[in-house]
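S.K.: First the structure, which I've put down as structure tokens, then a few questions once you've had a look.
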Amino acid sequence: MFWYDHDLGGWGWFAMSISMVLFWALIITIGVLLFRALARPDTNQAPQTGTPTPGPTLERLLAERFARGDIDEDEYRRRLAVLQADGGSRLGKS
């Protein structure tokens with residue numbers, strides 16, 4: 001019943017090595033799949049469209065500078081008039 005005197009031959013060592021590598025590969029694969037399944041974002045939320053949200057407008061940036069005190073009221077009104085005159089395509093520099 002105990003052939004080879006309880007010793008593994010060359011094929012036995014090979015089969016044992018391959019089975020150990022496959023075992024750890026299976027454990028790691030299960031761990032990665034479990035992590036991905038648990039880290040998946042909530043599907044009940046609205047889907048992302050991929051379109052970026054527009055940034056602040058030039059008027060808003062100008063108002064923020066005025067609110068911080070970077071520019072005074074006269075400069076704010078002058079630059080705002082320039083922005084409204086040319087459609088907000090450039091910030092009036094002086």
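As shown in the structure tokens, the chain order sets the letters A, B, ...; within each chain, residues go from 1, and ligands are also counted from 1 in the order they appear.
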If we count only C-alpha atoms, what is near Tyr76 in chain A at a cut-off of 12 Å, once residues fewer than 5 positions away on the same chain are taken out, given as a JSON list (two decimals) with N, CA and C atoms, in the first residue's frame?

M.R.:
```json
[["chain", "number", "residue", "atom", "x", "y", "z"],
["A", 58, "LEU", "N", -16.61, 84.28, -15.71],
["A", 58, "LEU", "CA", -15.72, 85.41, -15.46],
["A", 58, "LEU", "C", -16.37, 86.42, -14.52],
["A", 59, "GLU", "N", -17.69, 86.59, -14.64],
["A", 59, "GLU", "CA", -18.38, 87.51, -13.75],
["A", 59, "GLU", "C", -18.29, 87.03, -12.30],
["A", 60, "ARG", "N", -18.41, 85.72, -12.11],
["A", 60, "ARG", "CA", -18.33, 85.18, -10.76],
["A", 60, "ARG", "C", -16.91, 85.34, -10.19],
["A", 61, "LEU", "N", -15.91, 85.11, -11.01],
["A", 61, "LEU", "CA", -14.54, 85.30, -10.56],
["A", 61, "LEU", "C", -14.28, 86.76, -10.19],
["A", 62, "LEU", "N", -14.82, 87.66, -11.00],
["A", 62, "LEU", "CA", -14.67, 89.08, -10.72],
["A", 62, "LEU", "C", -15.37, 89.44, -9.41],
["A", 63, "ALA", "N", -16.57, 88.89, -9.20],
["A", 63, "ALA", "CA", -17.30, 89.16, -7.95],
["A", 63, "ALA", "C", -16.57, 88.60, -6.74],
["A", 64, "GLU", "N", -15.93, 87.44, -6.90],
["A", 64, "GLU", "CA", -15.16, 86.87, -5.79],
["A", 64, "GLU", "C", -13.96, 87.75, -5.46],
["A", 65, "ARG", "N", -13.28, 88.26, -6.48],
["A", 65, "ARG", "CA", -12.15, 89.17, -6.23],
["A", 65, "ARG", "C", -12.61, 90.42, -5.51],
["A", 66, "PHE", "N", -13.77, 90.94, -5.90],
["A", 66, "PHE", "CA", -14.32, 92.13, -5.26],
["A", 66, "PHE", "C", -14.69, 91.81, -3.80],
["A", 67, "ALA", "N", -15.28, 90.64, -3.56],
["A", 67, "ALA", "CA", -15.67, 90.24, -2.21],
["A", 67, "ALA", "C", -14.45, 90.04, -1.32],
["A", 68, "ARG", "N", -13.35, 89.54, -1.87],
["A", 68, "ARG", "CA", -12.13, 89.36, -1.08],
["A", 68, "ARG", "C", -11.41, 90.68, -0.82],
["A", 69, "GLY", "N", -11.76, 91.71, -1.58],
["A", 69, "GLY", "CA", -11.10, 92.99, -1.42],
["A", 69, "GLY", "C", -9.88, 93.16, -2.31],
["A", 70, "ASP", "N", -9.71, 92.29, -3.29],
["A", 70, "ASP", "CA", -8.58, 92.41, -4.21],
["A", 70, "ASP", "C", -8.72, 93.64, -5.10],
["A", 71, "ILE", "N", -9.95, 93.98, -5.44],
["A", 71, "ILE", "CA", -10.20, 95.16, -6.29],
["A", 71, "ILE", "C", -11.25, 96.03, -5.61],
["A", 81, "ALA", "N", -18.41, 96.00, -16.70],
["A", 81, "ALA", "CA", -18.95, 96.62, -17.91],
["A", 81, "ALA", "C", -18.22, 96.11, -19.15],
["A", 82, "VAL", "N", -16.91, 95.95, -19.05],
["A", 82, "VAL", "CA", -16.13, 95.42, -20.17],
["A", 82, "VAL", "C", -16.54, 93.98, -20.47],
["A", 83, "LEU", "N", -16.72, 93.18, -19.43],
["A", 83, "LEU", "CA", -17.13, 91.79, -19.64],
["A", 83, "LEU", "C", -18.50, 91.71, -20.30],
["A", 91, "LEU", "N", -11.17, 89.26, -19.82],
["A", 91, "LEU", "CA", -11.23, 90.02, -18.58],
["A", 91, "LEU", "C", -10.52, 91.32, -18.81],
["A", 92, "GLY", "N", -11.19, 92.43, -18.57],
["A", 92, "GLY", "CA", -10.59, 93.74, -18.82],
["A", 92, "GLY", "C", -9.37, 93.98, -17.96],
["A", 93, "LYS", "N", -8.24, 94.21, -18.53],
["A", 93, "LYS", "CA", -7.00, 94.44, -17.79],
["A", 93, "LYS", "C", -6.64, 95.91, -17.87],
["A", 94, "SER", "N", -6.15, 96.44, -16.78],
["A", 94, "SER", "CA", -5.71, 97.85, -16.80],
["A", 94, "SER", "C", -4.36, 98.00, -16.18]]
```
